[in-house]
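Pasting structure.cif here (mmCIF, C-alpha atoms):
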```cif
data_target
#
loop_
_atom_site.label_atom_id
_atom_site.label_comp_id
_atom_site.auth_asym_id
_atom_site.auth_seq_id
_atom_site.Cartn_x
_atom_site.Cartn_y
_atom_site.Cartn_z
CA MET A 1 54.10 -50.63 112.06
CA ILE A 2 56.86 -53.29 111.87
CA CYS A 3 60.38 -52.22 111.00
CA ASP A 4 63.18 -54.79 110.64
CA ASP A 5 65.93 -52.19 110.59
CA PRO A 6 66.35 -50.61 114.05
CA CYS A 7 68.39 -47.77 112.60
CA SER A 8 65.57 -46.91 110.23
CA ALA A 9 63.08 -47.08 113.10
CA HIS A 10 65.23 -44.79 115.20
CA THR A 11 65.54 -42.34 112.34
CA PHE A 12 61.79 -42.41 111.77
CA LEU A 13 60.94 -41.65 115.41
CA THR A 14 63.48 -38.83 115.93
CA PRO A 15 61.98 -35.31 115.46
CA PRO A 16 63.66 -33.10 112.90
CA ALA A 17 66.50 -30.93 114.17
CA VAL A 18 65.54 -27.33 114.96
CA PRO A 19 68.22 -24.76 114.11
CA PHE A 20 69.52 -22.77 117.06
CA ASN A 21 67.88 -19.36 117.34
CA PRO A 22 69.62 -17.05 119.83
CA TYR A 23 66.62 -14.66 120.03
CA THR A 24 64.16 -17.44 120.87
CA THR A 25 66.60 -18.85 123.43
CA MET A 26 67.07 -15.42 125.00
CA LEU A 27 63.31 -14.83 125.18
CA SER A 28 62.73 -18.24 126.75
CA TRP A 29 65.51 -17.65 129.27
CA SER A 30 64.13 -14.20 130.12
CA ILE A 31 60.62 -15.53 130.74
CA SER A 32 61.95 -18.39 132.87
CA THR A 33 64.09 -15.99 134.90
CA LEU A 34 61.20 -13.58 135.48
CA TRP A 35 58.96 -16.44 136.61
CA TRP A 36 61.63 -17.71 139.01
CA LEU A 37 62.03 -14.21 140.45
CA TYR A 38 58.27 -13.86 140.82
CA VAL A 39 57.96 -17.15 142.71
CA ASN A 40 61.09 -16.92 144.86
CA LEU A 41 61.69 -13.19 145.35
CA PRO A 42 58.29 -11.46 145.57
CA PHE A 43 59.80 -8.58 147.55
CA LEU A 44 61.84 -7.76 144.44
CA THR A 45 59.20 -8.32 141.78
CA LEU A 46 56.41 -6.44 143.57
CA PRO A 47 58.14 -3.03 143.29
CA ILE A 48 58.84 -3.73 139.61
CA PHE A 49 55.16 -4.55 139.07
CA LEU A 50 54.07 -1.39 140.90
CA VAL A 51 56.43 0.79 138.85
CA GLY A 52 55.11 -0.75 135.63
CA PHE A 53 51.51 -0.36 136.75
CA TRP A 54 52.02 3.28 137.71
CA GLY A 55 53.80 3.99 134.42
CA LEU A 56 50.85 2.69 132.40
CA ALA A 57 48.26 4.31 134.65
CA SER A 58 49.99 7.70 134.44
CA LEU A 59 49.79 7.42 130.65
CA TRP A 60 46.37 5.87 130.05
CA ILE A 61 44.32 7.87 132.57
CA PRO A 62 45.39 11.30 131.21
CA ALA A 63 45.05 10.00 127.64
CA ALA A 64 41.48 8.87 128.36
CA LEU A 65 40.63 12.28 129.83
CA GLN A 66 42.27 14.13 126.94
CA ASN A 67 40.70 12.08 124.15
CA PHE A 68 37.27 11.07 125.47
CA PHE A 69 36.12 13.07 128.50
CA PHE A 70 37.27 16.67 128.11
CA LYS A 71 35.14 18.73 125.72
CA PRO A 72 36.26 21.85 123.82
CA GLN A 73 36.20 25.00 125.95
CA ASN A 74 35.31 28.52 124.91
CA LEU A 75 38.79 30.04 124.81
CA ARG A 76 37.43 33.55 124.19
CA GLU A 77 35.73 33.43 127.58
CA LYS A 78 38.43 31.41 129.36
CA TYR A 79 41.16 33.93 128.58
CA ASN A 80 38.98 37.02 128.01
CA ALA A 81 40.59 37.17 124.58
CA ARG A 82 39.65 38.85 121.32
CA TRP A 83 42.53 37.86 119.02
CA ALA A 84 44.31 34.63 118.11
CA LEU A 85 47.27 34.03 115.80
CA VAL A 86 47.87 30.79 113.91
CA THR A 87 51.03 29.97 111.96
CA GLY A 88 50.53 27.65 109.02
CA GLY A 89 46.87 28.63 109.24
CA SER A 90 46.01 28.42 105.55
CA SER A 91 45.48 24.65 105.42
CA GLY A 92 45.31 21.42 107.39
CA ILE A 93 45.48 21.59 111.18
CA GLY A 94 46.12 25.34 111.12
CA ALA A 95 42.99 26.05 109.08
CA ALA A 96 40.95 23.86 111.44
CA ILE A 97 42.25 25.89 114.41
CA VAL A 98 41.33 29.14 112.63
CA ARG A 99 37.77 27.87 112.09
CA ARG A 100 37.37 26.88 115.74
CA CYS A 101 38.56 30.35 116.80
CA CYS A 102 36.16 32.09 114.42
CA GLU A 103 33.27 29.91 115.60
CA GLN A 104 33.89 31.20 119.13
CA GLY A 105 33.88 34.83 118.02
CA LEU A 106 37.65 35.29 118.04
CA SER A 107 39.32 37.39 115.38
CA VAL A 108 42.36 35.67 113.87
CA VAL A 109 45.71 36.55 112.32
CA VAL A 110 46.68 33.87 109.80
CA VAL A 111 50.42 33.60 109.15
CA ALA A 112 51.46 31.43 106.20
CA LEU A 113 53.31 31.43 102.92
CA ASP A 114 52.13 34.29 100.73
CA ASP A 115 50.52 32.16 98.03
CA LYS A 116 47.15 31.35 96.50
CA VAL A 117 46.32 28.88 99.26
CA LEU A 118 46.56 31.67 101.84
CA ALA A 119 44.50 34.10 99.75
CA ASP A 120 41.77 31.54 99.07
CA SER A 121 41.62 30.36 102.69
CA VAL A 122 41.37 33.86 104.15
CA ALA A 123 38.66 34.76 101.63
CA GLU A 124 36.74 31.65 102.67
CA PHE A 125 37.13 32.45 106.38
CA ARG A 126 35.87 36.00 105.84
CA THR A 127 32.85 34.72 103.94
CA GLN A 128 32.00 32.05 106.52
CA PHE A 129 32.56 34.29 109.56
CA PRO A 130 31.61 37.88 108.66
CA LYS A 131 31.26 38.94 112.31
CA VAL A 132 34.97 38.48 113.09
CA GLU A 133 38.07 40.01 111.56
CA VAL A 134 40.54 37.76 109.73
CA ARG A 135 43.93 39.22 108.90
CA SER A 136 46.57 37.55 106.77
CA ILE A 137 50.32 37.95 106.99
CA GLY A 138 52.24 36.37 104.13
CA ALA A 139 55.57 35.20 105.48
CA ASP A 140 58.28 32.69 104.64
CA LEU A 141 59.17 31.29 108.05
CA SER A 142 62.26 29.57 106.66
CA ARG A 143 64.02 32.92 106.14
CA PRO A 144 64.91 35.70 108.60
CA GLY A 145 62.82 38.86 108.62
CA TYR A 146 59.30 37.48 109.03
CA MET A 147 58.93 38.89 112.56
CA ASP A 148 59.04 42.45 111.21
CA ALA A 149 55.86 41.78 109.21
CA VAL A 150 54.25 40.00 112.17
CA LYS A 151 55.00 42.84 114.59
CA GLU A 152 53.70 45.41 112.12
CA GLY A 153 50.52 43.40 111.45
CA THR A 154 49.70 42.94 115.14
CA LYS A 155 50.89 46.22 116.71
CA ASP A 156 47.35 47.54 117.23
CA ILE A 157 45.84 44.38 118.78
CA ASP A 158 46.35 42.16 121.82
CA VAL A 159 47.09 38.61 120.66
CA GLN A 160 46.38 36.30 123.60
CA LEU A 161 46.07 32.95 121.82
CA VAL A 162 49.12 31.86 119.82
CA PHE A 163 49.14 28.56 117.93
CA ASN A 164 52.60 27.59 116.71
CA ASN A 165 51.44 25.16 114.07
CA ALA A 166 53.66 25.65 110.99
CA GLY A 167 55.91 22.73 110.14
CA TYR A 168 56.74 20.03 107.63
CA VAL A 169 58.72 16.83 107.20
CA ARG A 170 61.62 16.35 104.80
CA VAL A 171 62.66 12.84 103.79
CA GLY A 172 66.16 11.75 102.79
CA MET A 173 69.65 11.02 104.03
CA PHE A 174 71.00 13.82 106.21
CA VAL A 175 74.11 14.71 104.16
CA ALA A 176 72.30 14.36 100.83
CA ASP A 177 71.02 17.95 101.18
CA PRO A 178 73.09 21.12 101.69
CA ILE A 179 73.14 22.47 105.23
CA GLU A 180 71.12 25.49 104.06
CA VAL A 181 68.17 23.20 103.37
CA HIS A 182 68.30 21.83 106.91
CA LEU A 183 68.59 25.30 108.43
CA LYS A 184 65.45 26.39 106.60
CA HIS A 185 63.68 23.28 107.89
CA LEU A 186 64.88 24.07 111.41
CA ASN A 187 63.59 27.64 111.12
CA VAL A 188 60.09 26.55 110.10
CA ASN A 189 59.72 23.74 112.61
CA ALA A 190 61.48 25.21 115.64
CA THR A 191 63.16 28.62 115.46
CA ASN A 192 60.01 30.55 114.53
CA THR A 193 58.12 29.01 117.47
CA LEU A 194 60.76 30.46 119.78
CA GLU A 195 60.42 33.93 118.23
CA PHE A 196 56.61 33.97 118.15
CA THR A 197 56.38 32.66 121.70
CA HIS A 198 58.93 35.11 123.10
CA HIS A 199 57.34 38.13 121.41
CA PHE A 200 53.72 37.46 122.36
CA VAL A 201 54.32 36.11 125.87
CA ARG A 202 56.34 39.23 126.63
CA LYS A 203 53.46 41.38 125.34
CA MET A 204 51.00 39.48 127.53
CA ARG A 205 53.19 39.97 130.60
CA GLU A 206 53.66 43.69 129.87
CA ARG A 207 49.89 44.19 129.64
CA ASN A 208 49.02 41.71 132.42
CA LEU A 209 46.90 39.57 130.07
CA LYS A 210 45.97 35.91 130.33
CA GLY A 211 46.64 33.72 127.34
CA LEU A 212 47.51 30.43 125.69
CA VAL A 213 50.47 29.34 123.57
CA GLY A 214 49.89 26.11 121.67
CA PHE A 215 52.41 23.95 119.84
CA THR A 216 51.61 21.33 117.22
CA SER A 217 54.08 18.58 118.04
CA SER A 218 54.00 14.95 116.86
CA ALA A 219 54.18 11.34 117.99
CA ALA A 220 57.41 11.32 115.97
CA ALA A 221 58.99 13.34 118.80
CA LEU A 222 59.06 10.14 120.85
CA ILE A 223 61.22 7.95 118.60
CA PRO A 224 64.37 8.29 116.47
CA ALA A 225 63.64 8.58 112.75
CA PRO A 226 66.53 7.89 110.37
CA THR A 227 65.96 9.46 106.92
CA SER A 228 63.82 12.26 108.42
CA VAL A 229 66.10 13.34 111.24
CA LEU A 230 65.05 16.96 111.74
CA TYR A 231 61.35 16.30 112.11
CA PRO A 232 61.42 14.29 115.38
CA SER A 233 64.24 16.47 116.70
CA THR A 234 62.31 19.71 116.20
CA LYS A 235 59.07 18.22 117.53
CA MET A 236 60.81 17.11 120.70
CA PHE A 237 62.16 20.66 121.00
CA VAL A 238 58.73 22.31 120.85
CA THR A 239 57.29 19.72 123.27
CA GLN A 240 59.96 20.40 125.87
CA LEU A 241 59.72 24.14 125.23
CA ALA A 242 56.03 24.05 126.11
CA ALA A 243 56.60 21.86 129.17
CA SER A 244 59.40 24.08 130.44
CA LEU A 245 57.62 27.40 129.88
CA ALA A 246 54.42 26.16 131.51
CA GLY A 247 55.97 26.35 134.97
CA GLU A 248 57.38 29.82 134.42
CA TYR A 249 54.09 31.53 133.57
CA LYS A 250 51.27 29.48 135.10
CA GLU A 251 50.78 31.94 137.94
CA ASP A 252 50.51 34.76 135.38
CA GLY A 253 47.53 33.05 133.76
CA ILE A 254 49.46 32.09 130.61
CA ASP A 255 49.04 28.44 129.67
CA PHE A 256 51.12 26.31 127.32
CA CYS A 257 49.90 23.24 125.50
CA ALA A 258 51.74 20.86 123.15
CA VAL A 259 49.52 18.43 121.25
CA LEU A 260 51.16 15.28 119.88
CA PRO A 261 48.82 14.26 117.04
CA SER A 262 48.41 10.82 115.57
CA PRO A 263 48.37 10.76 111.71
CA THR A 264 46.26 13.64 110.39
CA ARG A 265 45.00 14.53 106.91
CA SER A 266 46.84 17.63 105.72
CA ARG A 267 49.42 18.88 103.24
CA PHE A 268 52.01 17.32 105.56
CA TYR A 269 52.28 14.27 103.29
CA ASP A 270 52.72 16.22 100.03
CA GLY A 271 56.51 16.01 100.21
CA THR A 272 56.70 12.33 101.15
CA LYS A 273 54.51 10.60 98.56
CA GLY A 274 56.29 7.58 97.10
CA GLN A 275 59.43 8.21 99.18
CA MET A 276 58.61 6.34 102.40
CA GLY A 277 56.23 3.41 102.58
CA LEU A 278 55.51 4.08 106.26
CA MET A 279 54.35 7.61 105.48
CA ASP A 280 52.01 6.28 102.80
CA VAL A 281 50.48 3.92 105.40
CA PHE A 282 50.04 6.73 107.93
CA GLU A 283 48.35 8.91 105.30
CA LYS A 284 45.76 6.18 104.69
CA LEU A 285 45.09 5.90 108.44
CA ALA A 286 44.97 9.66 109.03
CA GLY A 287 42.07 11.37 110.77
CA GLY A 288 40.62 14.82 110.16
CA PRO A 289 42.51 17.99 111.21
CA GLU A 290 39.52 19.26 113.20
CA VAL A 291 40.28 16.56 115.78
CA ILE A 292 43.62 18.23 116.56
CA ALA A 293 41.98 21.65 116.84
CA ASP A 294 39.49 20.16 119.30
CA ALA A 295 42.38 18.66 121.29
CA PHE A 296 43.82 22.16 121.81
CA PHE A 297 40.47 23.64 122.80
CA ALA A 298 39.60 20.76 125.12
CA ASN A 299 42.91 20.60 126.99
CA ALA A 300 44.06 24.23 127.16
CA GLY A 301 44.86 25.02 130.78
CA ARG A 302 44.18 21.41 131.77
CA PHE A 303 47.19 19.55 130.39
CA VAL A 304 50.51 20.79 129.07
CA ILE A 305 51.27 17.72 126.95
CA VAL A 306 48.37 16.10 125.12
CA ASP A 307 48.64 12.59 123.65
CA GLN A 308 46.13 12.73 120.83
CA GLY A 309 44.95 9.55 119.14
CA TRP A 310 45.88 5.90 118.91
CA LEU A 311 49.43 6.16 117.54
CA THR A 312 50.77 8.54 120.17
CA VAL A 313 49.28 6.49 123.00
CA ALA A 314 50.55 3.24 121.43
CA VAL A 315 54.10 4.58 121.07
CA LYS A 316 54.15 5.87 124.64
CA THR A 317 52.79 2.53 125.88
CA LEU A 318 55.66 0.79 124.09
CA LEU A 319 58.14 3.18 125.70
CA CYS A 320 56.81 2.31 129.16
CA GLY A 321 58.55 -1.05 128.75
CA LEU A 322 61.31 -0.11 126.30
CA ASP A 323 63.62 2.66 127.37
CA SER A 324 64.92 5.11 124.80
CA ASN A 325 68.52 3.87 125.16
CA ILE A 326 67.50 0.38 124.00
CA LEU A 327 65.07 1.74 121.41
CA ALA A 328 67.88 3.78 119.85
CA GLU A 329 69.99 0.63 119.49
CA ILE A 330 67.12 -1.32 117.95
CA ILE A 331 66.45 1.40 115.38
CA THR A 332 70.16 1.90 114.68
CA TYR A 333 70.53 -1.70 113.54
CA GLY A 334 66.95 -2.37 112.46
CA VAL A 335 66.83 0.44 109.90
CA ARG A 336 69.30 -1.50 107.73
CA VAL A 337 66.55 -3.88 106.60
CA ASP A 338 64.19 -1.08 105.57
CA ALA A 339 63.75 -0.88 101.80
CA ASP A 340 63.39 2.93 101.73
CA TYR A 341 66.58 3.34 103.75
CA LYS A 342 68.47 1.00 101.41
CA ARG A 343 67.28 2.92 98.38
CA MET A 344 68.19 6.32 99.85
CA ARG A 345 71.57 5.09 101.05
CA SER A 346 72.37 3.61 97.64
CA SER A 347 71.40 6.85 95.92
CA LEU A 348 73.57 8.88 98.31
CA THR A 349 76.55 6.56 97.80
CA LYS A 350 76.36 6.96 94.04
CA GLU A 351 76.04 10.74 94.37
CA LEU A 352 79.07 10.95 96.66
CA GLN A 353 81.13 8.79 94.32
CA VAL A 354 80.34 11.15 91.44
CA GLU A 355 81.27 14.16 93.57
CA ASP A 356 84.51 12.46 94.61
CA LYS A 357 85.47 11.83 90.99
CA LYS A 358 84.77 15.46 90.07
CA SER A 359 86.92 16.77 92.90
CA SER A 360 89.85 14.42 92.25
#
```
Hey, can you dump this file as structure tokens for me?
Amino acid sequence: MICDDPCSAHTFLTPPAVPFNPYTTMLSWSISTLWWLYVNLPFLTLPIFLVGFWGLASLWIPAALQNFFFKPQNLREKYNARWALVTGGSSGIGAAIVRRCCEQGLSVVVVALDDKVLADSVAEFRTQFPKVEVRSIGADLSRPGYMDAVKEGTKDIDVQLVFNNAGYVRVGMFVADPIEVHLKHLNVNATNTLEFTHHFVRKMRERNLKGLVGFTSSAAALIPAPTSVLYPSTKMFVTQLAASLAGEYKEDGIDFCAVLPSPTRSRFYDGTKGQMGLMDVFEKLAGGPEVIADAFFANAGRFVIVDQGWLTVAVKTLLCGLDSNILAEIITYGVRVDADYKRMRSSLTKELQVEDKKSS
């Protein structure tokens, strides 16, 4: 190509200007720095590599055992038990746990809301498993007083397997709901687990019985969750409760197990439909509730914390390289671009403006 105008030729050959991107520059600088450290300071990079390797190995090896190698145990024989109790046992994960117990010849106390779902589920259990006894205790775990009915309904039996499974998620901005709504949520997801665990573990110790206390936690316990703040908070509570109690009562033959499920098909999503796009995605990817029941039966007495499924393992893998202090900052600023957050925030702002006008 012949060009008489040198300025035009120069313009033609110059690549287009690329706008400055601070994130790309920072990433490039970070990679260059890490490579320089690796080449010039191996005594510094080797410990970092070993720490990272051990962090991943300590996650993936137990996860592989929990999800692929360990098979469900006979908990009736393991703990010489006759009775189990399951909260939220009328549907979803709870109902799957009840079925597994009945299949092993365990009688079960089902604690759930006193509604048609409970009545129909218990009738079905009794029909399917006529050789075991299935009791039902209708109770609203969001309100005080449910333990009186539980104590009365179990006073003549030794409950050695307790599955704290009841729980739900509530979506919305924190101050959009009255505090009473949050306290009820807290009672169902956390407070009742404390009461059930305290009552039945004390009974086991008084009678020198072995046993198991299980907690249905969640992968959500691992990460902050704006617009559903109580759910991850309460799930972290029950996870740490299980991990802390395990050391207190291991030598008494009482095991504790918190399962962190990946998305599971249940009534869990009933209150979130159309409110959060991420929840809709998780519902489509959800597995069957019987998988969570099997996770309890396979890992009881083997692991205290069980990372069930792909999502929990993926989140924990991410956290091996991204500490919670940085993750909190990322979510704090990143949530602002989320469409569901924008919609909820806008709705709350309008509501507060109306309330302000009424009060002024």
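Counting all atoms listed in the file, the residue from A:Ala295, A:Val315, A:Val150, A:Leu186 that sits nearest to Gly214 (chain A) is A:Ala295.
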Spatial sel., origin (48.1, 11.9, 117.5), limit 10 Å, all atoms listed in the file, listed as a ChimeraX atom specification: /A:67,217-220,259-264,286-287,291-292,295,306-314
Return as a ChimeraX atom specification the set of residues that the PyMOL selection byres ((chain A and resi 140) around 9) yields on the displayed structure. /A:112-114,138-139,141-146,188
Residues matched by the PyMOL selection byres ((chain A and resi 126) around 12), written as a list in words: Val98, Arg99, Cys102, Glu103, Ser107, Val108, Val109, Val110, Ala119, Asp120, Ser121, Val122, Ala123, Glu124, Phe125, Thr127, Gln128, Phe129, Pro130, Lys131, Val132, Glu133, Val134, Arg135 and Ser136 of chain A
Saved selection, atoms kept: C-alpha atoms, as a PDB file, in the frame of the given file:
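Saved to selection.pdb:
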```
ATOM      1  CA  VAL A  98      41.330  29.140 112.630  1.00  0.00           C
ATOM      2  CA  ARG A  99      37.770  27.870 112.090  1.00  0.00           C
ATOM      3  CA  CYS A 102      36.160  32.090 114.420  1.00  0.00           C
ATOM      4  CA  GLU A 103      33.270  29.910 115.600  1.00  0.00           C
ATOM      5  CA  SER A 107      39.320  37.390 115.380  1.00  0.00           C
ATOM      6  CA  VAL A 108      42.360  35.670 113.870  1.00  0.00           C
ATOM      7  CA  VAL A 109      45.710  36.550 112.320  1.00  0.00           C
ATOM      8  CA  VAL A 110      46.680  33.870 109.800  1.00  0.00           C
ATOM      9  CA  ALA A 119      44.500  34.100  99.750  1.00  0.00           C
ATOM     10  CA  ASP A 120      41.770  31.540  99.070  1.00  0.00           C
ATOM     11  CA  SER A 121      41.620  30.360 102.690  1.00  0.00           C
ATOM     12  CA  VAL A 122      41.370  33.860 104.150  1.00  0.00           C
ATOM     13  CA  ALA A 123      38.660  34.760 101.630  1.00  0.00           C
ATOM     14  CA  GLU A 124      36.740  31.650 102.670  1.00  0.00           C
ATOM     15  CA  PHE A 125      37.130  32.450 106.380  1.00  0.00           C
ATOM     16  CA  THR A 127      32.850  34.720 103.940  1.00  0.00           C
ATOM     17  CA  GLN A 128      32.000  32.050 106.520  1.00  0.00           C
ATOM     18  CA  PHE A 129      32.560  34.290 109.560  1.00  0.00           C
ATOM     19  CA  PRO A 130      31.610  37.880 108.660  1.00  0.00           C
ATOM     20  CA  LYS A 131      31.260  38.940 112.310  1.00  0.00           C
ATOM     21  CA  VAL A 132      34.970  38.480 113.090  1.00  0.00           C
ATOM     22  CA  GLU A 133      38.070  40.010 111.560  1.00  0.00           C
ATOM     23  CA  VAL A 134      40.540  37.760 109.730  1.00  0.00           C
ATOM     24  CA  ARG A 135      43.930  39.220 108.900  1.00  0.00           C
ATOM     25  CA  SER A 136      46.570  37.550 106.770  1.00  0.00           C
TER      26      SER A 136
END
```
Between CA of Asn187 (chain A) and CA of Ser346 (chain A) lies a distance of 28.9 Å
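Here CA of Lys316 (chain A) stands at a distance of 13.5 Å from CA of Ala64 (chain A).
Considering the residues A:Leu230, A:Val162, A:Ala221, A:Ile97 and counting all atoms listed in the file, Ile254 (chain A) has its shortest atom-to-atom contact with A:Val162.
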Contact residues around region 73-86 of chain A with all atoms listed in the file at 7 Å, ignoring same-chain residues under 6 positions, as a PyMOL selection string: chain A and resi 94+98+104+106-111+158-165+210-211+297-298
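For the atom pair formed by CA of Phe70 (chain A) and CA of Lys250 (chain A), the distance is 20.2 Å, given to one decimal.
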Calculated over only C-alpha atoms, which of the candidates A:Gly105, A:Pro72, A:Pro62, A:Pro178 has the smallest distance to Asn299 (chain A)? A:Pro72
If the PyMOL selection byres ((chain A and resi 194) around 12) were run on this exact file, what residues would it hold? Put them as a compact mmCIF listing (two decimals) with C-alpha atoms, in the coordinates of the input.
```
# COMPACT_ATOMS: atom_id res chain seq x y z
CA LEU A 141 59.17 31.29 108.05
CA MET A 147 58.93 38.89 112.56
CA VAL A 162 49.12 31.86 119.82
CA PHE A 163 49.14 28.56 117.93
CA ASN A 164 52.60 27.59 116.71
CA LEU A 186 64.88 24.07 111.41
CA ASN A 187 63.59 27.64 111.12
CA VAL A 188 60.09 26.55 110.10
CA ASN A 189 59.72 23.74 112.61
CA ALA A 190 61.48 25.21 115.64
CA THR A 191 63.16 28.62 115.46
CA ASN A 192 60.01 30.55 114.53
CA THR A 193 58.12 29.01 117.47
CA GLU A 195 60.42 33.93 118.23
CA PHE A 196 56.61 33.97 118.15
CA THR A 197 56.38 32.66 121.70
CA HIS A 198 58.93 35.11 123.10
CA HIS A 199 57.34 38.13 121.41
CA PHE A 200 53.72 37.46 122.36
CA VAL A 201 54.32 36.11 125.87
CA ARG A 202 56.34 39.23 126.63
CA VAL A 213 50.47 29.34 123.57
CA GLY A 214 49.89 26.11 121.67
CA PHE A 215 52.41 23.95 119.84
CA THR A 234 62.31 19.71 116.20
CA PHE A 237 62.16 20.66 121.00
CA VAL A 238 58.73 22.31 120.85
CA THR A 239 57.29 19.72 123.27
CA GLN A 240 59.96 20.40 125.87
CA LEU A 241 59.72 24.14 125.23
CA ALA A 242 56.03 24.05 126.11
CA LEU A 245 57.62 27.40 129.88
```
Residue nearest Phe49 (chain A) among A:Gly92, A:Ile179, A:Gly321, A:Gly172 (counting only C-alpha atoms): A:Gly321
